[in-house]
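A.B. asks: The following file, run_21.txt, comprises compact mmCIF, C-alpha atoms and all ligand atoms:
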```
# COMPACT_ATOMS: atom_id res chain seq x y z
CA MET D 1143 0.00 0.00 0.00
CA THR D 1144 1.44 3.40 -0.88
CA GLN D 1145 1.44 5.84 2.00
CA PRO D 1146 0.05 9.33 1.38
CA ILE D 1147 2.75 12.01 1.62
CA HIS D 1148 1.92 14.39 4.41
CA THR D 1149 3.27 17.86 5.08
CA PHE D 1150 4.14 19.29 8.49
CA SER D 1151 4.48 22.79 9.92
CA ALA D 1152 7.68 24.13 11.46
CA SER D 1153 6.09 24.00 14.92
CA GLU D 1154 5.08 20.34 14.43
CA THR D 1155 8.65 19.56 13.39
CA ARG D 1156 10.00 21.30 16.50
CA ALA D 1157 7.48 19.48 18.68
CA MET D 1158 8.58 16.13 17.21
CA ASP D 1159 12.20 16.96 18.11
CA THR D 1160 11.06 17.57 21.69
CA ALA D 1161 8.97 14.38 21.70
CA LEU D 1162 11.95 12.29 20.51
CA GLU D 1163 14.07 13.87 23.23
CA ALA D 1164 11.42 13.24 25.91
CA ALA D 1165 11.10 9.59 24.86
CA LEU D 1166 14.73 8.95 25.89
CA GLN D 1167 13.80 9.49 29.54
CA GLY D 1168 11.96 6.18 29.57
CA PRO D 1169 13.48 2.75 30.11
CA ARG D 1170 14.03 0.29 27.28
CA GLY D 1171 12.14 -2.96 27.47
CA ALA D 1172 8.94 -4.72 26.51
CA ASN D 1173 7.45 -1.41 25.42
CA PRO D 1174 9.01 1.10 23.03
CA LEU D 1175 10.36 4.49 24.11
CA VAL D 1176 7.63 7.00 23.18
CA GLY D 1177 7.40 10.77 23.61
CA ALA D 1178 4.49 13.14 22.97
CA VAL D 1179 4.03 16.92 22.80
CA VAL D 1180 0.69 18.74 22.56
CA VAL D 1181 0.92 21.82 20.37
CA GLY D 1182 -1.55 24.72 20.64
CA PRO D 1183 -2.99 26.52 17.60
CA ASP D 1184 -0.30 29.22 18.02
CA GLY D 1185 2.49 26.63 17.92
CA SER D 1186 3.23 26.71 21.65
CA HIS D 1187 3.90 23.48 23.56
CA LEU D 1188 0.94 22.94 25.91
CA ALA D 1189 2.21 19.69 27.47
CA THR D 1190 4.91 17.04 27.11
CA GLY D 1191 4.77 13.39 28.09
CA TYR D 1192 6.73 10.20 27.80
CA HIS D 1193 6.28 6.53 28.53
CA ARG D 1194 7.94 5.19 31.69
CA GLY D 1195 7.83 1.53 30.71
CA ALA D 1196 5.44 -1.41 30.54
CA GLY D 1197 2.52 -1.12 32.92
CA THR D 1198 2.65 2.69 33.19
CA ALA D 1199 0.77 5.42 31.30
CA HIS D 1200 1.54 5.79 27.61
CA ALA D 1201 3.20 8.99 26.37
CA GLU D 1202 -0.02 10.52 25.02
CA ALA D 1203 -1.92 9.81 28.26
CA ASP D 1204 1.02 11.21 30.23
CA ALA D 1205 0.90 14.47 28.22
CA ILE D 1206 -2.89 14.70 28.53
CA ALA D 1207 -2.65 14.15 32.29
CA ALA D 1208 0.04 16.85 32.59
CA ALA D 1209 -2.23 19.30 30.76
CA ALA D 1210 -5.20 18.38 32.96
CA ALA D 1211 -3.10 18.87 36.11
CA ALA D 1212 -2.17 22.35 34.87
CA GLY D 1213 -5.79 23.13 33.95
CA ILE D 1214 -4.99 23.43 30.23
CA ASP D 1215 -7.82 22.86 27.75
CA LEU D 1216 -6.60 20.72 24.85
CA ARG D 1217 -9.62 21.13 22.57
CA GLY D 1218 -8.57 21.85 18.99
CA ALA D 1219 -4.88 21.16 19.74
CA THR D 1220 -2.43 18.85 17.95
CA MET D 1221 -0.89 15.72 19.49
CA VAL D 1222 2.63 15.19 18.11
CA VAL D 1223 3.87 11.70 19.05
CA THR D 1224 6.74 9.43 18.05
CA LEU D 1225 4.57 6.30 17.58
CA GLU D 1226 1.06 5.70 16.27
CA PRO D 1227 -1.36 6.06 19.22
CA CYS D 1228 -2.48 2.64 20.43
CA ASN D 1229 -5.93 1.25 19.86
CA HIS D 1230 -6.07 -1.41 22.55
CA VAL D 1231 -6.89 -1.62 26.20
CA GLY D 1232 -3.66 -3.24 27.31
CA ARG D 1233 -2.33 -2.50 30.75
CA THR D 1234 -3.38 1.13 30.07
CA GLY D 1235 -4.79 2.82 26.96
CA PRO D 1236 -6.26 3.08 24.45
CA CYS D 1237 -4.52 6.35 23.59
CA ALA D 1238 -6.60 6.93 20.46
CA GLN D 1239 -9.74 7.16 22.63
CA ALA D 1240 -8.00 9.39 25.22
CA ILE D 1241 -7.07 11.80 22.40
CA ILE D 1242 -10.65 11.83 21.11
CA ASP D 1243 -12.03 12.34 24.63
CA ALA D 1244 -9.67 15.28 25.27
CA GLY D 1245 -11.05 16.97 22.14
CA LEU D 1246 -7.79 17.17 20.20
CA ALA D 1247 -8.31 18.05 16.52
CA HIS D 1248 -5.07 16.80 14.96
CA VAL D 1249 -2.58 13.99 15.44
CA VAL D 1250 0.89 13.88 13.88
CA TYR D 1251 2.90 10.72 14.49
CA ALA D 1252 6.21 9.37 13.22
CA VAL D 1253 5.78 5.64 12.59
CA ASP D 1254 3.01 3.02 12.61
CA ASP D 1255 2.73 0.67 15.58
CA PRO D 1256 3.66 -2.81 14.25
CA HIS D 1257 2.41 -4.58 17.38
CA ASP D 1258 -0.83 -6.30 16.32
CA PRO D 1259 -2.95 -5.83 19.44
CA ALA D 1260 -2.08 -2.12 19.65
CA ALA D 1261 -2.21 -1.19 15.94
CA GLY D 1262 -5.12 0.63 14.28
CA GLY D 1263 -5.16 3.84 16.31
CA ALA D 1264 -4.93 6.05 13.22
CA ALA D 1265 -8.11 4.55 11.74
CA THR D 1266 -10.01 4.99 15.03
CA LEU D 1267 -8.92 8.62 15.23
CA ARG D 1268 -9.94 9.34 11.62
CA ALA D 1269 -13.31 7.67 12.14
CA ALA D 1270 -13.90 10.09 15.04
CA GLY D 1271 -13.09 13.09 12.82
CA VAL D 1272 -9.53 13.73 14.04
CA SER D 1273 -7.12 14.65 11.24
CA VAL D 1274 -4.14 12.29 11.23
CA ARG D 1275 -0.78 12.68 9.49
CA SER D 1276 2.23 10.40 9.81
CA GLY D 1277 5.83 10.00 8.66
CA LEU D 1278 7.34 13.04 10.38
CA ALA D 1279 10.89 12.11 11.52
CA ALA D 1280 10.08 8.47 10.73
CA GLY D 1281 13.75 7.52 10.30
CA ARG D 1282 14.73 8.84 13.72
CA ALA D 1283 11.69 7.29 15.37
CA LEU D 1284 12.52 3.88 13.89
CA GLU D 1285 16.12 4.23 15.02
CA LEU D 1286 14.99 5.20 18.55
CA ASN D 1287 13.39 1.78 19.00
CA ARG D 1288 15.18 -0.21 16.29
CA ARG D 1289 15.69 -3.32 18.39
CA TRP D 1290 12.15 -3.17 19.78
CA PHE D 1291 10.71 -3.13 16.24
CA GLU D 1292 12.90 -6.14 15.37
CA ALA D 1293 11.80 -8.10 18.45
CA VAL D 1294 8.11 -7.42 17.70
CA GLU D 1295 8.61 -8.61 14.14
CA ASP D 1296 10.50 -11.74 15.28
CA LYS D 1297 7.82 -12.51 17.90
CA ARG D 1298 10.41 -12.90 20.62
CA PRO D 1299 10.89 -11.05 23.91
CA PHE D 1300 13.10 -7.96 24.10
CA VAL D 1301 16.42 -9.05 25.64
CA THR D 1302 18.39 -7.10 28.23
CA LEU D 1303 21.78 -8.60 28.99
CA HIS D 1304 23.12 -7.97 32.47
CA ILE D 1305 26.83 -8.23 33.28
CA ALA D 1306 28.29 -7.34 36.69
CA GLN D 1307 32.06 -7.50 36.38
CA THR D 1308 35.44 -6.31 37.57
CA LEU D 1309 37.65 -3.91 35.59
CA ASP D 1310 39.37 -6.95 34.08
CA SER D 1311 36.07 -8.52 33.02
CA ARG D 1312 35.76 -11.19 35.71
CA ILE D 1313 32.44 -12.32 37.15
CA ALA D 1314 33.96 -14.63 39.80
CA ALA D 1315 37.34 -15.24 41.43
CA GLU D 1316 39.41 -18.40 40.91
CA ASP D 1317 37.73 -20.16 43.86
CA GLY D 1318 34.27 -19.34 42.47
CA THR D 1319 33.40 -16.56 44.94
CA SER D 1320 31.39 -13.77 43.33
CA GLN D 1321 29.35 -12.15 46.12
CA TRP D 1322 29.66 -9.32 45.76
CA ILE D 1323 31.59 -7.78 42.92
CA SER D 1324 29.04 -4.98 42.55
CA CYS D 1325 28.37 -2.29 45.16
CA PRO D 1326 24.97 -2.12 46.95
CA GLU D 1327 23.77 0.69 44.65
CA SER D 1328 24.41 -1.46 41.57
CA LEU D 1329 22.63 -4.41 43.17
CA ALA D 1330 19.66 -2.16 43.95
CA ASP D 1331 19.59 -0.91 40.37
CA ASN D 1332 19.61 -4.49 39.10
CA HIS D 1333 16.69 -5.33 41.39
CA ALA D 1334 14.81 -2.29 40.09
CA ILE D 1335 15.22 -3.70 36.56
CA ARG D 1336 14.17 -7.18 37.74
CA ARG D 1337 11.01 -5.56 39.05
CA ARG D 1338 9.89 -4.31 35.63
CA ILE D 1339 10.78 -7.28 33.44
CA ASP D 1340 8.74 -10.41 32.75
CA ALA D 1341 11.43 -13.07 33.17
CA ILE D 1342 14.99 -13.59 34.40
CA LEU D 1343 17.02 -16.18 32.55
CA VAL D 1344 20.20 -17.93 33.69
CA GLY D 1345 21.96 -21.15 32.73
CA THR D 1346 21.87 -24.39 34.74
CA GLN D 1347 25.56 -23.92 35.53
CA THR D 1348 24.77 -20.67 37.38
CA VAL D 1349 22.07 -22.43 39.39
CA LEU D 1350 24.51 -25.21 40.33
CA VAL D 1351 27.41 -22.89 41.22
CA ASP D 1352 25.78 -19.69 42.62
CA ASN D 1353 22.38 -21.03 43.72
CA PRO D 1354 20.70 -17.63 43.09
CA ARG D 1355 17.14 -16.81 44.17
CA LEU D 1356 16.46 -14.66 41.06
CA THR D 1357 13.85 -12.58 42.84
CA ALA D 1358 13.45 -8.80 42.80
CA ARG D 1359 14.22 -7.53 46.28
CA ASP D 1360 14.40 -4.18 48.07
CA ALA D 1361 17.36 -2.88 50.12
CA ASN D 1362 16.26 -4.96 53.13
CA GLY D 1363 16.27 -8.11 51.08
CA ASP D 1364 12.46 -8.35 51.08
CA ALA D 1365 10.89 -9.54 47.84
CA PHE D 1366 8.62 -7.11 45.97
CA GLY D 1367 5.00 -8.22 45.51
CA GLU D 1368 5.16 -8.78 41.77
CA GLN D 1369 7.96 -11.09 40.71
CA PRO D 1370 9.41 -11.92 37.30
CA LEU D 1371 9.21 -15.46 36.02
CA ARG D 1372 12.39 -17.37 36.92
CA ALA D 1373 13.75 -19.33 33.97
CA VAL D 1374 16.73 -21.65 33.72
CA MET D 1375 18.04 -22.94 30.40
CA GLY D 1376 20.21 -25.99 29.81
CA ARG D 1377 19.91 -29.72 29.54
CA ARG D 1378 20.86 -30.54 33.10
CA GLY D 1379 18.08 -30.71 35.67
CA ILE D 1380 17.49 -28.20 38.47
CA PRO D 1381 18.24 -29.66 41.93
CA GLU D 1382 15.20 -30.14 44.18
CA ASP D 1383 16.64 -27.82 46.82
CA ALA D 1384 17.79 -25.07 44.44
CA ALA D 1385 16.95 -21.58 45.77
CA VAL D 1386 15.60 -20.63 42.34
CA ARG D 1387 12.63 -22.94 43.01
CA GLY D 1388 11.56 -20.46 45.70
CA ASP D 1389 8.73 -21.07 48.17
CA ASP D 1390 6.25 -21.54 45.37
CA GLY D 1391 8.45 -23.90 43.33
CA ARG D 1392 7.60 -21.78 40.30
CA VAL D 1393 10.59 -22.05 38.01
CA LEU D 1394 10.52 -22.57 34.26
CA HIS D 1395 13.11 -25.07 33.04
CA LEU D 1396 13.96 -24.60 29.35
CA PRO D 1397 15.65 -27.85 28.33
CA THR D 1398 17.75 -26.32 25.54
CA ARG D 1399 21.14 -24.74 24.93
CA ASP D 1400 19.85 -22.76 21.96
CA PRO D 1401 19.14 -19.10 22.85
CA ARG D 1402 16.58 -18.71 20.05
CA GLU D 1403 14.64 -21.72 21.27
CA ALA D 1404 14.79 -20.41 24.83
CA LEU D 1405 13.37 -17.06 23.69
CA SER D 1406 10.61 -18.69 21.73
CA LEU D 1407 9.62 -20.78 24.78
CA LEU D 1408 9.66 -17.66 26.95
CA PHE D 1409 7.53 -15.75 24.43
CA SER D 1410 5.02 -18.62 24.49
CA ALA D 1411 5.00 -18.36 28.28
CA GLY D 1412 3.94 -14.70 27.86
CA ALA D 1413 7.28 -12.99 28.49
CA ARG D 1414 7.86 -9.83 26.44
CA HIS D 1415 11.00 -8.61 28.24
CA VAL D 1416 13.68 -10.98 29.46
CA MET D 1417 16.82 -10.18 31.40
CA VAL D 1418 19.66 -12.63 30.80
CA GLU D 1419 21.94 -12.65 33.84
CA GLY D 1420 24.56 -15.32 33.16
CA GLY D 1421 26.79 -17.14 33.37
CA SER D 1422 29.57 -16.82 30.79
CA ARG D 1423 28.26 -19.48 28.43
CA ILE D 1424 24.73 -18.05 28.30
CA LEU D 1425 25.92 -14.45 28.00
CA SER D 1426 28.29 -15.44 25.19
CA ALA D 1427 25.64 -17.49 23.37
CA PHE D 1428 23.12 -14.63 23.33
CA LEU D 1429 25.78 -12.14 22.23
CA SER D 1430 27.21 -14.28 19.46
CA GLU D 1431 23.70 -14.95 18.09
CA GLY D 1432 23.00 -11.18 17.94
CA LEU D 1433 20.02 -11.62 20.27
CA VAL D 1434 20.90 -8.90 22.77
CA ASP D 1435 18.81 -5.73 22.42
CA GLU D 1436 20.29 -3.83 25.33
CA LEU D 1437 23.38 -4.32 27.47
CA VAL D 1438 23.54 -3.10 31.06
CA MET D 1439 26.99 -3.50 32.57
CA TYR D 1440 27.98 -2.77 36.15
CA LEU D 1441 31.70 -2.15 36.24
CA ALA D 1442 33.34 -2.42 39.66
CA PRO D 1443 36.71 -0.68 40.28
CA THR D 1444 38.18 -4.05 41.24
CA LEU D 1445 40.83 -6.33 39.76
CA LEU D 1446 41.07 -10.11 40.10
CA GLY D 1447 43.69 -10.93 37.48
CA SER D 1448 42.27 -14.44 37.15
CA GLY D 1449 38.94 -16.19 37.66
CA THR D 1450 35.83 -16.56 35.51
CA PRO D 1451 35.73 -14.20 32.53
CA ALA D 1452 32.36 -12.60 31.74
CA LEU D 1453 32.52 -14.04 28.22
CA ASN D 1454 34.04 -17.24 26.94
CA GLY D 1455 34.30 -16.57 23.22
CA LEU D 1456 32.04 -15.00 20.62
CA GLY D 1457 33.50 -16.78 17.61
CA ILE D 1458 35.48 -13.70 16.66
CA ALA D 1459 39.00 -14.32 15.31
CA THR D 1460 39.95 -10.99 13.81
CA LEU D 1461 39.36 -7.37 14.73
CA ALA D 1462 37.39 -6.69 11.57
CA ASP D 1463 34.71 -9.04 12.96
CA ALA D 1464 34.54 -7.39 16.39
CA GLN D 1465 31.08 -6.66 17.75
CA ARG D 1466 30.61 -2.92 17.91
CA TRP D 1467 28.28 -1.32 20.42
CA GLU D 1468 27.03 2.20 20.89
CA TRP D 1469 26.21 4.19 23.99
CA ASP D 1470 22.52 4.54 24.76
CA ALA D 1471 21.28 7.82 26.19
CA ALA D 1472 17.97 6.29 27.35
CA SER D 1473 17.18 5.05 30.87
CA GLY D 1474 19.22 7.61 32.76
CA GLY D 1475 22.15 7.90 30.37
CA ALA D 1476 24.92 5.85 28.79
CA VAL D 1477 27.28 6.12 31.76
CA GLN D 1478 26.07 6.59 35.32
CA THR D 1479 27.94 6.52 38.60
CA LEU D 1480 26.29 4.13 41.05
CA GLY D 1481 28.05 4.16 44.40
CA ARG D 1482 31.64 3.18 43.58
CA ASP D 1483 30.63 1.41 40.32
CA LEU D 1484 29.92 2.62 36.82
CA ARG D 1485 26.74 1.57 35.07
CA LEU D 1486 27.18 1.35 31.31
CA HIS D 1487 24.18 1.25 29.01
CA LEU D 1488 24.72 0.10 25.43
CA LEU D 1489 22.88 -0.90 22.28
CA PRO D 1490 24.23 -3.09 19.48
CA GLU D 1491 25.53 -0.98 16.64
CA ARG D 1492 23.44 -1.02 13.50
CA PRO D 1493 24.79 -3.83 11.24
C1 LIG B 1 1.21 4.35 22.59
N1 LIG B 1 1.90 5.20 23.39
O1 LIG B 1 3.53 5.59 24.85
C2 LIG B 1 3.37 3.43 23.98
C3 LIG B 1 2.66 2.58 23.09
O2 LIG B 1 0.98 -3.17 27.60
P1 LIG B 1 0.56 -1.80 27.23
O3 LIG B 1 -0.85 -1.51 27.47
O4 LIG B 1 1.49 -0.75 27.79
O5 LIG B 1 0.72 -1.71 25.63
C4 LIG B 1 1.96 -1.88 25.05
C5 LIG B 1 1.91 -1.65 23.56
O6 LIG B 1 1.41 -0.35 23.25
C6 LIG B 1 3.31 -1.70 22.95
O7 LIG B 1 3.69 -2.99 22.58
C7 LIG B 1 3.14 -0.79 21.75
O8 LIG B 1 2.49 -1.48 20.69
C8 LIG B 1 2.22 0.28 22.28
N2 LIG B 1 3.05 1.29 22.94
N3 LIG B 1 1.61 3.10 22.41
O9 LIG B 1 0.17 4.75 22.05
C9 LIG B 1 2.96 4.79 24.11
N4 LIG B 1 4.41 2.96 24.73
ZN ZN B 2 -1.22 4.05 24.03
```
Starting from the coordinates I provided, produce the structure as structure tokens.
C.D. replies:
Amino acid sequence: MTQPIHTFSASETRAMDTALEAALQGPRGANPLVGAVVVGPDGSHLATGYHRGAGTAHAEADAIAAAAAAGIDLRGATMVVTLEPCNHVGRTGPCAQAIIDAGLAHVVYAVDDPHDPAAGGAATLRAAGVSVRSGLAAGRALELNRRWFEAVEDKRPFVTLHIAQTLDSRIAAEDGTSQWISCPESLADNHAIRRRIDAILVGTQTVLVDNPRLTARDANGDAFGEQPLRAVMGRRGIPEDAAVRGDDGRVLHLPTRDPREALSLLFSAGARHVMVEGGSRILSAFLSEGLVDELVMYLAPTLLGSGTPALNGLGIATLADAQRWEWDAASGGAVQTLGRDLRLHLLPERP
């Protein structure tokens, strides 16, 4: 189908720049980064919003709520948003209806929503008499969520890879001790991520060696109410007394060494955002298969000089084949100081 070519005003173009910028404040994950700006008839920005991750208000609803809190009437205004407004009642939404209810007259968005349940917002808006134009800054909007679009298309969960290592890339000392390489602030940050994902995945080796609980806990060590699914991949069985079984015994064993198969099983189990936490073999397998959408690395100012390396080979023999990564400004920035550690946030470089 050929898309109609739409034209945009200078103030809509400026608003889209602001919306793309606002989107970066959100966290990457099961949902895309989305930003929205409401523009008044005189071109002024009446409200800005962004999406704070799965389960929270969408960008459009966030902007509409900000306007309502400030007592601003949005009737006749233009919603400029980086993604097609959703059409479904998911955990929140639908944004298309919220836009209609707020009396907005125009919607300008960058790219269509490819996610089946959410798609179709543009048609709903048009049917209600809202003028809709799309394609503004489409290239930048696609780039903003490139890996999310790919994961949706592949029908697999979005993958965050977590590595907590020393300066010399070790995740355990020679004798196997690894608790703790990271400082308490890094551990807390990791638990905050665990809290907003659908599943944590480790290998059987990690279960046998570290015996982790894989729960999301607060600073006192108390588990949060909502917990991610705990998943273990590998052909070996999980011991009866493994901590990962928890009080409820609810652990998903994925009897495979193939990362793609593991992701497909997790997707079938309903997971849309998975955090892969180790060990070396699992981290390396996901990286060498190009299945990592986001890398969060906690770097401790510590040296071991020997011990378990974070990675045990990516099948790369020559520098020309090196995996290149780029810094990601989303989720609080590419480099953050957390206690005495650094938190690095990266995305795979475009092939
Ligand atoms: C929007 N605005 O800010 C975002 C959208 O689980 P839910 O209810 O949050 O729905 C998630 C889906 O909604 C997500 O996969 C994508 O298709 C769309 N995201 N849509 O109108 C937003 N984040
Ligand atoms: Zn929405």
A.B. asks: Given all atoms listed in the file as the basis, pick out the residue of D:Pro1370, D:Gly1455, D:Gly1191, D:Pro1401 nearest to Val1386 of chain D.
C.D. replies: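 The closest residue to Val1386 of chain D is D:Pro1370.
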A.B. asks: Just the residues within 8 Å of segment 1149-1166 of chain D, please, counting all atoms listed in the file, with nothing from its chain fewer than 2 positions along; format it as a ChimeraX atom specification.
C.D. replies: /D:1147,1168-1169,1175-1181,1185-1187,1190-1193,1222-1224,1250,1275,1278-1279,1283,1286,1471-1473
A.B. asks: Quick one: residues within 8 Å of Ser1426 of chain D, all atoms listed in the file, excluding same-chain residues fewer than 6 positions away - as a VMD selection string?
C.D. replies: chain D and resid 1453 to 1456
A.B. asks: Counting only C-alpha atoms, which residues come within 10 Å of (30.0, -11.3, 32.3), with the point read in the file's coordinates, and could you list them as a list in words?
C.D. replies: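 Residues found, by chain and rising number: Leu1303, His1304, Ile1305, Ala1306, Gln1307, Thr1308, Ser1311, Arg1312, Ile1313, Ala1314, Glu1419, Gly1420, Gly1421, Ser1422, Arg1423, Ile1424, Leu1425, Ser1426, Met1439, Tyr1440, Thr1450, Pro1451, Ala1452, Leu1453 and Asn1454 of chain D.
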A.B. asks: Compute the set of protein, DNA and RNA residues whose minimum atom distance to ligand LIG 1 (chain B) is at most 8 Å, using all atoms listed in the file, and state it as a PDB file with C-alpha atoms, keeping the file's coordinate frame.
C.D. replies:
```
ATOM      1  CA  ALA D1172       8.940  -4.720  26.510  1.00  0.00           C
ATOM      2  CA  ASN D1173       7.450  -1.410  25.420  1.00  0.00           C
ATOM      3  CA  PRO D1174       9.010   1.100  23.030  1.00  0.00           C
ATOM      4  CA  LEU D1175      10.360   4.490  24.110  1.00  0.00           C
ATOM      5  CA  VAL D1176       7.630   7.000  23.180  1.00  0.00           C
ATOM      6  CA  GLY D1177       7.400  10.770  23.610  1.00  0.00           C
ATOM      7  CA  ALA D1178       4.490  13.140  22.970  1.00  0.00           C
ATOM      8  CA  TYR D1192       6.730  10.200  27.800  1.00  0.00           C
ATOM      9  CA  HIS D1193       6.280   6.530  28.530  1.00  0.00           C
ATOM     10  CA  GLY D1195       7.830   1.530  30.710  1.00  0.00           C
ATOM     11  CA  ALA D1196       5.440  -1.410  30.540  1.00  0.00           C
ATOM     12  CA  GLY D1197       2.520  -1.120  32.920  1.00  0.00           C
ATOM     13  CA  THR D1198       2.650   2.690  33.190  1.00  0.00           C
ATOM     14  CA  ALA D1199       0.770   5.420  31.300  1.00  0.00           C
ATOM     15  CA  HIS D1200       1.540   5.790  27.610  1.00  0.00           C
ATOM     16  CA  ALA D1201       3.200   8.990  26.370  1.00  0.00           C
ATOM     17  CA  GLU D1202      -0.020  10.520  25.020  1.00  0.00           C
ATOM     18  CA  ALA D1203      -1.920   9.810  28.260  1.00  0.00           C
ATOM     19  CA  LEU D1225       4.570   6.300  17.580  1.00  0.00           C
ATOM     20  CA  GLU D1226       1.060   5.700  16.270  1.00  0.00           C
ATOM     21  CA  PRO D1227      -1.360   6.060  19.220  1.00  0.00           C
ATOM     22  CA  CYS D1228      -2.480   2.640  20.430  1.00  0.00           C
ATOM     23  CA  ASN D1229      -5.930   1.250  19.860  1.00  0.00           C
ATOM     24  CA  HIS D1230      -6.070  -1.410  22.550  1.00  0.00           C
ATOM     25  CA  VAL D1231      -6.890  -1.620  26.200  1.00  0.00           C
ATOM     26  CA  GLY D1232      -3.660  -3.240  27.310  1.00  0.00           C
ATOM     27  CA  ARG D1233      -2.330  -2.500  30.750  1.00  0.00           C
ATOM     28  CA  THR D1234      -3.380   1.130  30.070  1.00  0.00           C
ATOM     29  CA  GLY D1235      -4.790   2.820  26.960  1.00  0.00           C
ATOM     30  CA  PRO D1236      -6.260   3.080  24.450  1.00  0.00           C
ATOM     31  CA  CYS D1237      -4.520   6.350  23.590  1.00  0.00           C
ATOM     32  CA  ALA D1238      -6.600   6.930  20.460  1.00  0.00           C
ATOM     33  CA  ASP D1255       2.730   0.670  15.580  1.00  0.00           C
ATOM     34  CA  PRO D1256       3.660  -2.810  14.250  1.00  0.00           C
ATOM     35  CA  HIS D1257       2.410  -4.580  17.380  1.00  0.00           C
ATOM     36  CA  ASP D1258      -0.830  -6.300  16.320  1.00  0.00           C
ATOM     37  CA  PRO D1259      -2.950  -5.830  19.440  1.00  0.00           C
ATOM     38  CA  ALA D1260      -2.080  -2.120  19.650  1.00  0.00           C
ATOM     39  CA  ALA D1261      -2.210  -1.190  15.940  1.00  0.00           C
ATOM     40  CA  GLY D1263      -5.160   3.840  16.310  1.00  0.00           C
ATOM     41  CA  VAL D1294       8.110  -7.420  17.700  1.00  0.00           C
TER      42      VAL D1294
END
```
A.B. asks: Output segment 1445-1458 of chain D with N, CA and C atoms present, as a PDB file, keeping the file's coordinate frame.
C.D. replies:
```
ATOM      1  N   LEU D1445      40.072  -5.433  40.641  1.00  0.00           N
ATOM      2  CA  LEU D1445      40.830  -6.330  39.760  1.00  0.00           C
ATOM      3  C   LEU D1445      40.933  -7.708  40.402  1.00  0.00           C
ATOM      4  N   LEU D1446      40.854  -8.749  39.598  1.00  0.00           N
ATOM      5  CA  LEU D1446      41.070 -10.110  40.100  1.00  0.00           C
ATOM      6  C   LEU D1446      42.271 -10.770  39.428  1.00  0.00           C
ATOM      7  N   GLY D1447      42.501 -10.401  38.178  1.00  0.00           N
ATOM      8  CA  GLY D1447      43.690 -10.930  37.480  1.00  0.00           C
ATOM      9  C   GLY D1447      43.531 -12.361  37.018  1.00  0.00           C
ATOM     10  N   SER D1448      42.573 -13.075  37.586  1.00  0.00           N
ATOM     11  CA  SER D1448      42.270 -14.440  37.150  1.00  0.00           C
ATOM     12  C   SER D1448      40.824 -14.698  37.577  1.00  0.00           C
ATOM     13  N   GLY D1449      40.328 -15.903  37.315  1.00  0.00           N
ATOM     14  CA  GLY D1449      38.940 -16.190  37.660  1.00  0.00           C
ATOM     15  C   GLY D1449      38.081 -16.346  36.429  1.00  0.00           C
ATOM     16  N   THR D1450      36.754 -16.313  36.629  1.00  0.00           N
ATOM     17  CA  THR D1450      35.830 -16.560  35.510  1.00  0.00           C
ATOM     18  C   THR D1450      35.645 -15.303  34.666  1.00  0.00           C
ATOM     19  N   PRO D1451      35.988 -15.359  33.373  1.00  0.00           N
ATOM     20  CA  PRO D1451      35.730 -14.200  32.530  1.00  0.00           C
ATOM     21  C   PRO D1451      34.235 -14.070  32.224  1.00  0.00           C
ATOM     22  N   ALA D1452      33.778 -12.827  32.043  1.00  0.00           N
ATOM     23  CA  ALA D1452      32.360 -12.600  31.740  1.00  0.00           C
ATOM     24  C   ALA D1452      31.946 -13.354  30.485  1.00  0.00           C
ATOM     25  N   LEU D1453      32.846 -13.396  29.496  1.00  0.00           N
ATOM     26  CA  LEU D1453      32.520 -14.040  28.220  1.00  0.00           C
ATOM     27  C   LEU D1453      33.543 -15.118  27.923  1.00  0.00           C
ATOM     28  N   ASN D1454      33.084 -16.177  27.254  1.00  0.00           N
ATOM     29  CA  ASN D1454      34.040 -17.240  26.940  1.00  0.00           C
ATOM     30  C   ASN D1454      34.110 -17.517  25.443  1.00  0.00           C
ATOM     31  N   GLY D1455      34.147 -16.421  24.673  1.00  0.00           N
ATOM     32  CA  GLY D1455      34.300 -16.570  23.220  1.00  0.00           C
ATOM     33  C   GLY D1455      33.032 -16.202  22.491  1.00  0.00           C
ATOM     34  N   LEU D1456      33.186 -15.401  21.441  1.00  0.00           N
ATOM     35  CA  LEU D1456      32.040 -15.000  20.620  1.00  0.00           C
ATOM     36  C   LEU D1456      32.249 -15.453  19.184  1.00  0.00           C
ATOM     37  N   GLY D1457      33.215 -16.318  18.971  1.00  0.00           N
ATOM     38  CA  GLY D1457      33.500 -16.780  17.610  1.00  0.00           C
ATOM     39  C   GLY D1457      34.154 -15.714  16.750  1.00  0.00           C
ATOM     40  N   ILE D1458      34.842 -14.790  17.405  1.00  0.00           N
ATOM     41  CA  ILE D1458      35.480 -13.700  16.660  1.00  0.00           C
ATOM     42  C   ILE D1458      36.989 -13.956  16.632  1.00  0.00           C
TER      43      ILE D1458
END
```
